[in-house]
>>> print(open('run.cif').read())   # mmCIF, N, CA, C and O atoms
data_input
loop_
_atom_site.label_atom_id
_atom_site.label_comp_id
_atom_site.auth_asym_id
_atom_site.auth_seq_id
_atom_site.Cartn_x
_atom_site.Cartn_y
_atom_site.Cartn_z
N ARG A 1 40.67 -53.34 27.02
CA ARG A 1 40.31 -53.83 28.34
C ARG A 1 40.13 -52.68 29.32
O ARG A 1 39.29 -52.74 30.21
N VAL A 2 40.94 -51.65 29.17
CA VAL A 2 40.86 -50.49 30.06
C VAL A 2 39.50 -49.81 29.94
O VAL A 2 38.89 -49.44 30.95
N LEU A 3 39.03 -49.68 28.71
CA LEU A 3 37.72 -49.04 28.50
C LEU A 3 36.61 -49.82 29.20
O LEU A 3 35.73 -49.24 29.84
N THR A 4 36.67 -51.14 29.07
CA THR A 4 35.68 -51.99 29.73
C THR A 4 35.74 -51.83 31.24
O THR A 4 34.70 -51.72 31.90
N ASN A 5 36.96 -51.81 31.78
CA ASN A 5 37.11 -51.68 33.23
C ASN A 5 36.56 -50.36 33.74
O ASN A 5 35.88 -50.33 34.77
N ILE A 6 36.82 -49.28 33.01
CA ILE A 6 36.28 -47.97 33.42
C ILE A 6 34.76 -47.99 33.34
O ILE A 6 34.07 -47.55 34.26
N GLY A 7 34.23 -48.52 32.24
CA GLY A 7 32.78 -48.62 32.10
C GLY A 7 32.16 -49.45 33.21
O GLY A 7 31.10 -49.10 33.75
N ASN A 8 32.81 -50.54 33.59
CA ASN A 8 32.28 -51.40 34.65
C ASN A 8 32.29 -50.70 36.01
O ASN A 8 31.41 -50.94 36.83
N ILE A 9 33.27 -49.85 36.24
CA ILE A 9 33.29 -49.07 37.48
C ILE A 9 32.05 -48.18 37.54
O ILE A 9 31.38 -48.10 38.57
N TYR A 10 31.75 -47.54 36.42
CA TYR A 10 30.55 -46.69 36.39
C TYR A 10 29.26 -47.52 36.55
O TYR A 10 28.33 -47.07 37.20
N ILE A 11 29.24 -48.72 35.96
CA ILE A 11 28.07 -49.59 36.16
C ILE A 11 27.93 -49.94 37.63
O ILE A 11 26.83 -49.90 38.18
N GLN A 12 29.03 -50.27 38.30
CA GLN A 12 28.98 -50.59 39.72
C GLN A 12 28.45 -49.42 40.54
O GLN A 12 27.77 -49.61 41.54
N ARG A 13 28.74 -48.22 40.08
CA ARG A 13 28.26 -47.01 40.76
C ARG A 13 26.87 -46.60 40.30
O ARG A 13 26.35 -45.57 40.70
N LYS A 14 26.29 -47.41 39.42
CA LYS A 14 24.96 -47.16 38.85
C LYS A 14 24.90 -45.86 38.06
O LYS A 14 23.86 -45.23 37.95
N ASP A 15 26.03 -45.47 37.49
CA ASP A 15 26.11 -44.29 36.63
C ASP A 15 26.16 -44.77 35.18
O ASP A 15 27.20 -44.77 34.53
N TYR A 16 25.00 -45.21 34.71
CA TYR A 16 24.91 -45.86 33.40
C TYR A 16 25.16 -44.89 32.24
O TYR A 16 25.68 -45.30 31.21
N MET A 17 24.82 -43.63 32.44
CA MET A 17 25.05 -42.63 31.40
C MET A 17 26.55 -42.45 31.14
O MET A 17 26.97 -42.30 30.00
N ARG A 18 27.34 -42.50 32.19
CA ARG A 18 28.79 -42.38 32.02
C ARG A 18 29.42 -43.69 31.56
O ARG A 18 30.44 -43.68 30.89
N ALA A 19 28.84 -44.80 31.95
CA ALA A 19 29.39 -46.10 31.58
C ALA A 19 29.23 -46.38 30.09
O ALA A 19 30.12 -46.96 29.45
N LEU A 20 28.10 -45.98 29.53
CA LEU A 20 27.76 -46.33 28.15
C LEU A 20 28.83 -45.94 27.13
O LEU A 20 29.23 -46.79 26.32
N PRO A 21 29.36 -44.72 27.13
CA PRO A 21 30.37 -44.39 26.11
C PRO A 21 31.62 -45.27 26.17
O PRO A 21 32.21 -45.57 25.13
N TYR A 22 32.02 -45.67 27.36
CA TYR A 22 33.20 -46.53 27.48
C TYR A 22 32.94 -47.90 26.86
O TYR A 22 33.80 -48.46 26.17
N HIS A 23 31.75 -48.43 27.06
CA HIS A 23 31.43 -49.73 26.48
C HIS A 23 31.22 -49.63 24.97
O HIS A 23 31.56 -50.56 24.24
N LEU A 24 30.69 -48.51 24.51
CA LEU A 24 30.58 -48.31 23.06
C LEU A 24 31.96 -48.24 22.42
O LEU A 24 32.19 -48.82 21.35
N GLN A 25 32.88 -47.56 23.08
CA GLN A 25 34.26 -47.49 22.56
C GLN A 25 34.92 -48.86 22.60
O GLN A 25 35.63 -49.24 21.67
N ALA A 26 34.68 -49.61 23.67
CA ALA A 26 35.24 -50.96 23.78
C ALA A 26 34.75 -51.84 22.64
O ALA A 26 35.50 -52.65 22.08
N LYS A 27 33.48 -51.68 22.27
CA LYS A 27 32.93 -52.45 21.15
C LYS A 27 33.64 -52.09 19.84
O LYS A 27 33.99 -52.97 19.05
N GLU A 28 33.87 -50.82 19.63
CA GLU A 28 34.55 -50.39 18.40
C GLU A 28 35.98 -50.92 18.34
O GLU A 28 36.44 -51.37 17.29
N VAL A 29 36.69 -50.87 19.47
CA VAL A 29 38.05 -51.39 19.51
C VAL A 29 38.05 -52.89 19.23
O VAL A 29 38.89 -53.41 18.48
N SER A 30 37.09 -53.60 19.80
CA SER A 30 37.01 -55.06 19.57
C SER A 30 36.71 -55.35 18.10
O SER A 30 37.21 -56.35 17.56
N ASN A 31 35.94 -54.49 17.44
CA ASN A 31 35.71 -54.64 15.99
C ASN A 31 37.02 -54.48 15.22
O ASN A 31 37.31 -55.25 14.31
N ASP A 32 37.79 -53.46 15.60
CA ASP A 32 39.05 -53.18 14.91
C ASP A 32 40.02 -54.35 15.00
O ASP A 32 40.77 -54.62 14.06
N PHE A 33 40.02 -55.04 16.13
CA PHE A 33 40.96 -56.14 16.35
C PHE A 33 40.32 -57.52 16.17
O PHE A 33 40.93 -58.53 16.47
N GLN A 34 39.07 -57.53 15.71
CA GLN A 34 38.33 -58.77 15.46
C GLN A 34 38.33 -59.68 16.69
O GLN A 34 38.58 -60.88 16.60
N GLU A 35 38.05 -59.09 17.84
CA GLU A 35 37.97 -59.81 19.10
C GLU A 35 36.50 -60.07 19.42
O GLU A 35 35.83 -59.24 20.05
N ASP A 36 35.99 -61.21 18.97
CA ASP A 36 34.56 -61.48 19.10
C ASP A 36 34.10 -61.59 20.56
O ASP A 36 33.04 -61.08 20.91
N HIS A 37 34.89 -62.23 21.40
CA HIS A 37 34.49 -62.38 22.80
C HIS A 37 34.39 -61.01 23.46
O HIS A 37 33.42 -60.71 24.17
N SER A 38 35.37 -60.16 23.22
CA SER A 38 35.35 -58.80 23.78
C SER A 38 34.17 -58.00 23.23
O SER A 38 33.55 -57.23 23.96
N LYS A 39 33.87 -58.22 21.96
CA LYS A 39 32.72 -57.52 21.36
C LYS A 39 31.43 -57.95 22.03
O LYS A 39 30.58 -57.11 22.37
N ALA A 40 31.26 -59.25 22.24
CA ALA A 40 30.05 -59.75 22.89
C ALA A 40 29.95 -59.23 24.33
O ALA A 40 28.86 -58.87 24.79
N ASP A 41 31.08 -59.18 25.02
CA ASP A 41 31.08 -58.63 26.39
C ASP A 41 30.65 -57.16 26.37
O ASP A 41 29.86 -56.72 27.20
N ALA A 42 31.20 -56.40 25.41
CA ALA A 42 30.84 -54.99 25.30
C ALA A 42 29.36 -54.83 24.98
O ALA A 42 28.67 -53.98 25.57
N LEU A 43 28.84 -55.65 24.09
CA LEU A 43 27.41 -55.59 23.74
C LEU A 43 26.54 -55.89 24.96
O LEU A 43 25.50 -55.26 25.16
N THR A 44 26.97 -56.84 25.77
CA THR A 44 26.22 -57.17 26.99
C THR A 44 26.21 -55.98 27.94
O THR A 44 25.17 -55.61 28.50
N ASN A 45 27.36 -55.34 28.11
CA ASN A 45 27.44 -54.18 28.98
C ASN A 45 26.65 -52.99 28.43
O ASN A 45 26.02 -52.25 29.19
N ILE A 46 26.67 -52.83 27.13
CA ILE A 46 25.86 -51.78 26.49
C ILE A 46 24.38 -52.03 26.78
O ILE A 46 23.63 -51.11 27.10
N ALA A 47 23.98 -53.29 26.69
CA ALA A 47 22.59 -53.64 26.97
C ALA A 47 22.21 -53.34 28.42
O ALA A 47 21.11 -52.84 28.69
N ILE A 48 23.11 -53.65 29.33
CA ILE A 48 22.85 -53.36 30.75
C ILE A 48 22.64 -51.86 30.94
O ILE A 48 21.68 -51.44 31.59
N CYS A 49 23.50 -51.07 30.34
CA CYS A 49 23.36 -49.60 30.45
C CYS A 49 22.04 -49.14 29.85
O CYS A 49 21.30 -48.37 30.47
N ASN A 50 21.75 -49.60 28.64
CA ASN A 50 20.54 -49.16 27.96
C ASN A 50 19.28 -49.60 28.69
O ASN A 50 18.29 -48.86 28.71
N THR A 51 19.31 -50.77 29.30
CA THR A 51 18.16 -51.22 30.09
C THR A 51 17.88 -50.24 31.22
O THR A 51 16.74 -49.81 31.43
N HIS A 52 18.93 -49.86 31.92
CA HIS A 52 18.76 -48.94 33.05
C HIS A 52 18.45 -47.52 32.61
O HIS A 52 17.89 -46.75 33.40
N LEU A 53 18.80 -47.19 31.38
CA LEU A 53 18.49 -45.86 30.84
C LEU A 53 17.13 -45.82 30.15
O LEU A 53 16.73 -44.80 29.61
N GLY A 54 16.43 -46.96 30.15
CA GLY A 54 15.07 -46.99 29.60
C GLY A 54 14.98 -47.27 28.12
O GLY A 54 13.90 -47.13 27.53
N ASP A 55 16.07 -47.68 27.49
CA ASP A 55 16.05 -47.98 26.06
C ASP A 55 16.07 -49.50 25.86
O ASP A 55 17.08 -50.09 25.50
N SER A 56 14.92 -50.12 26.11
CA SER A 56 14.85 -51.58 26.06
C SER A 56 15.02 -52.13 24.64
O SER A 56 15.54 -53.23 24.46
N GLN A 57 14.62 -51.38 23.64
CA GLN A 57 14.76 -51.85 22.26
C GLN A 57 16.24 -52.00 21.89
O GLN A 57 16.64 -53.02 21.32
N THR A 58 17.05 -51.00 22.21
CA THR A 58 18.48 -51.08 21.93
C THR A 58 19.14 -52.15 22.78
O THR A 58 20.01 -52.89 22.31
N ALA A 59 18.70 -52.27 24.03
CA ALA A 59 19.24 -53.29 24.93
C ALA A 59 18.98 -54.68 24.35
O ALA A 59 19.87 -55.53 24.30
N ARG A 60 17.77 -54.91 23.90
CA ARG A 60 17.41 -56.22 23.34
C ARG A 60 18.26 -56.52 22.09
O ARG A 60 18.77 -57.63 21.93
N SER A 61 18.42 -55.54 21.23
CA SER A 61 19.22 -55.72 20.02
C SER A 61 20.67 -56.07 20.37
O SER A 61 21.26 -56.98 19.78
N SER A 62 21.23 -55.38 21.34
CA SER A 62 22.61 -55.65 21.76
C SER A 62 22.74 -57.05 22.33
O SER A 62 23.70 -57.77 22.04
N LEU A 63 21.77 -57.45 23.14
CA LEU A 63 21.81 -58.79 23.74
C LEU A 63 21.66 -59.88 22.69
O LEU A 63 22.31 -60.93 22.77
N GLU A 64 20.82 -59.64 21.70
CA GLU A 64 20.66 -60.63 20.63
C GLU A 64 21.96 -60.80 19.84
O GLU A 64 22.34 -61.93 19.48
N GLN A 65 22.66 -59.69 19.60
CA GLN A 65 23.95 -59.78 18.91
C GLN A 65 24.97 -60.52 19.77
O GLN A 65 25.73 -61.36 19.27
N ALA A 66 24.98 -60.22 21.06
CA ALA A 66 25.91 -60.90 21.98
C ALA A 66 25.61 -62.39 22.03
O ALA A 66 26.53 -63.23 22.01
N ALA A 67 24.32 -62.75 22.09
CA ALA A 67 23.94 -64.16 22.15
C ALA A 67 24.42 -64.91 20.91
O ALA A 67 24.89 -66.05 21.00
N GLU A 68 24.30 -64.27 19.76
CA GLU A 68 24.76 -64.91 18.52
C GLU A 68 26.26 -65.19 18.58
O GLU A 68 26.72 -66.28 18.22
N ILE A 69 27.03 -64.23 19.05
CA ILE A 69 28.48 -64.40 19.14
C ILE A 69 28.84 -65.48 20.16
O ILE A 69 29.63 -66.38 19.88
N TYR A 70 28.24 -65.38 21.35
CA TYR A 70 28.53 -66.39 22.38
C TYR A 70 28.15 -67.78 21.91
O TYR A 70 28.87 -68.75 22.16
N GLY A 71 27.02 -67.89 21.22
CA GLY A 71 26.58 -69.18 20.70
C GLY A 71 27.56 -69.76 19.70
O GLY A 71 27.91 -70.95 19.76
N LYS A 72 28.03 -68.93 18.78
CA LYS A 72 29.00 -69.39 17.77
C LYS A 72 30.31 -69.82 18.40
O LYS A 72 31.00 -70.71 17.90
N MET A 73 30.66 -69.17 19.52
CA MET A 73 31.93 -69.49 20.20
C MET A 73 31.79 -70.63 21.19
O MET A 73 32.78 -71.08 21.76
N GLY A 74 30.56 -71.09 21.42
CA GLY A 74 30.34 -72.17 22.37
C GLY A 74 30.51 -71.76 23.82
O GLY A 74 30.84 -72.59 24.66
N LEU A 75 30.28 -70.49 24.11
CA LEU A 75 30.43 -69.96 25.47
C LEU A 75 29.08 -70.04 26.18
O LEU A 75 28.34 -69.06 26.27
N ASP A 76 28.78 -71.21 26.68
CA ASP A 76 27.45 -71.49 27.23
C ASP A 76 27.11 -70.66 28.46
O ASP A 76 25.97 -70.23 28.61
N GLU A 77 28.08 -70.42 29.35
CA GLU A 77 27.79 -69.63 30.55
C GLU A 77 27.44 -68.20 30.18
O GLU A 77 26.50 -67.62 30.74
N ASP A 78 28.20 -67.63 29.26
CA ASP A 78 27.91 -66.26 28.81
C ASP A 78 26.56 -66.21 28.10
O ASP A 78 25.78 -65.28 28.30
N LEU A 79 26.29 -67.21 27.29
CA LEU A 79 25.02 -67.28 26.58
C LEU A 79 23.85 -67.38 27.56
O LEU A 79 22.82 -66.73 27.38
N GLN A 80 24.03 -68.15 28.60
CA GLN A 80 22.98 -68.29 29.62
C GLN A 80 22.71 -66.95 30.31
O GLN A 80 21.55 -66.58 30.54
N LEU A 81 23.76 -66.20 30.62
CA LEU A 81 23.60 -64.87 31.23
C LEU A 81 22.82 -63.95 30.30
O LEU A 81 21.89 -63.26 30.73
N VAL A 82 23.17 -63.95 29.04
CA VAL A 82 22.49 -63.09 28.06
C VAL A 82 21.02 -63.47 27.94
O VAL A 82 20.15 -62.60 27.90
N ARG A 83 20.74 -64.76 27.92
CA ARG A 83 19.35 -65.19 27.84
C ARG A 83 18.56 -64.76 29.07
O ARG A 83 17.38 -64.38 28.97
N GLN A 84 19.21 -64.80 30.23
CA GLN A 84 18.56 -64.33 31.45
C GLN A 84 18.27 -62.84 31.37
O GLN A 84 17.17 -62.38 31.69
N LEU A 85 19.24 -62.07 30.88
CA LEU A 85 19.04 -60.63 30.74
C LEU A 85 17.91 -60.33 29.75
O LEU A 85 17.11 -59.44 29.96
N LEU A 86 17.86 -61.10 28.66
CA LEU A 86 16.78 -60.91 27.68
C LEU A 86 15.41 -61.17 28.30
O LEU A 86 14.46 -60.46 28.00
N SER A 87 15.34 -62.15 29.16
CA SER A 87 14.05 -62.48 29.78
C SER A 87 13.59 -61.40 30.76
O SER A 87 12.41 -61.32 31.09
N GLU A 88 14.52 -60.56 31.19
CA GLU A 88 14.19 -59.51 32.17
C GLU A 88 13.80 -58.19 31.52
O GLU A 88 13.41 -57.25 32.22
N ILE A 89 13.95 -58.11 30.21
CA ILE A 89 13.61 -56.86 29.52
C ILE A 89 12.11 -56.83 29.25
O ILE A 89 11.53 -57.75 28.79
#
>>> encode(input="run.cif", output="structure tokens")
Amino acid sequence: RVLTNIGNIYIQRKDYMRALPYHLQAKEVSNDFQEDHSKADALTNIAICNTHLGDSQTARSSLEQAAEIYGKMGLDEDLQLVRQLLSEI
């Protein structure tokens, strides 16, 4: 959670280059602990960073993975956000 919070601070400051490594680490930690919701959140944040850094292909891939997880978990609000982000790429 700490990694996500630090990454989100950098996103708020529009420092996407610094935010990205924290969200990548958060994704790895969520894999280690099999925390699907945290993984999907990290993937969404990774996509936000990559979108702003000009890597739309990686952003789209991350969002598609997040959408799959949110869909399986029945998290409709999160899924709706991801679909909105996908439409903006």
>>> residues_around(input="run.cif", residues="stretch 26-40 of chain A", least_positions_apart="3", cutoff="6 Å", atoms="only C-alpha atoms", output="VMD selection string")
chain A and resid 3 23 43 66
>>> resolve_selection(input="run.cif", expression="the PyMOL selection byres ((chain A and resi 77-89) around 7)", output="list in words")
Ser56, Arg60, Leu63, Glu64, Ala66, Ala67, Tyr70, Gly71, Gly74, Leu75 and Asp76 of chain A
>>> resolve_selection(input="run.cif", expression="the PyMOL selection byres ((chain A and resi 45-49) around 6)", output="VMD selection string")
chain A and resid 16 20 23 40 to 44 50 to 55 58 to 60 62 to 63
>>> atom_distance(input="run.cif", atom1="atom O of A:Glu68", atom2="atom O of A:Gly7")
23.6 Å
>>> atom_distance(input="run.cif", atom1="atom CA of A:Arg18", atom2="atom CA of A:Val2")
14.7 Å
>>> atom_distance(input="run.cif", atom1="atom O of A:Tyr22", atom2="atom N of A:Thr4")
4.9 Å
>>> axis_aligned_box(input="run.cif", around="stretch 34-45 of chain A", padding_each_side="4 Å", output="AutoDock Vina command-line options")
--center_x 32.1 --center_y -57.3 --center_z 22.3 --size_x 21.9 --size_y 18.1 --size_z 21.7
>>> select_by_dssp(input="run.cif", residues="stretch 11-56 of chain A", states="helix (DSSP H, G or I)", output="NGL selection string")
:A and (11-12 or 16-32 or 36-52 or 56)
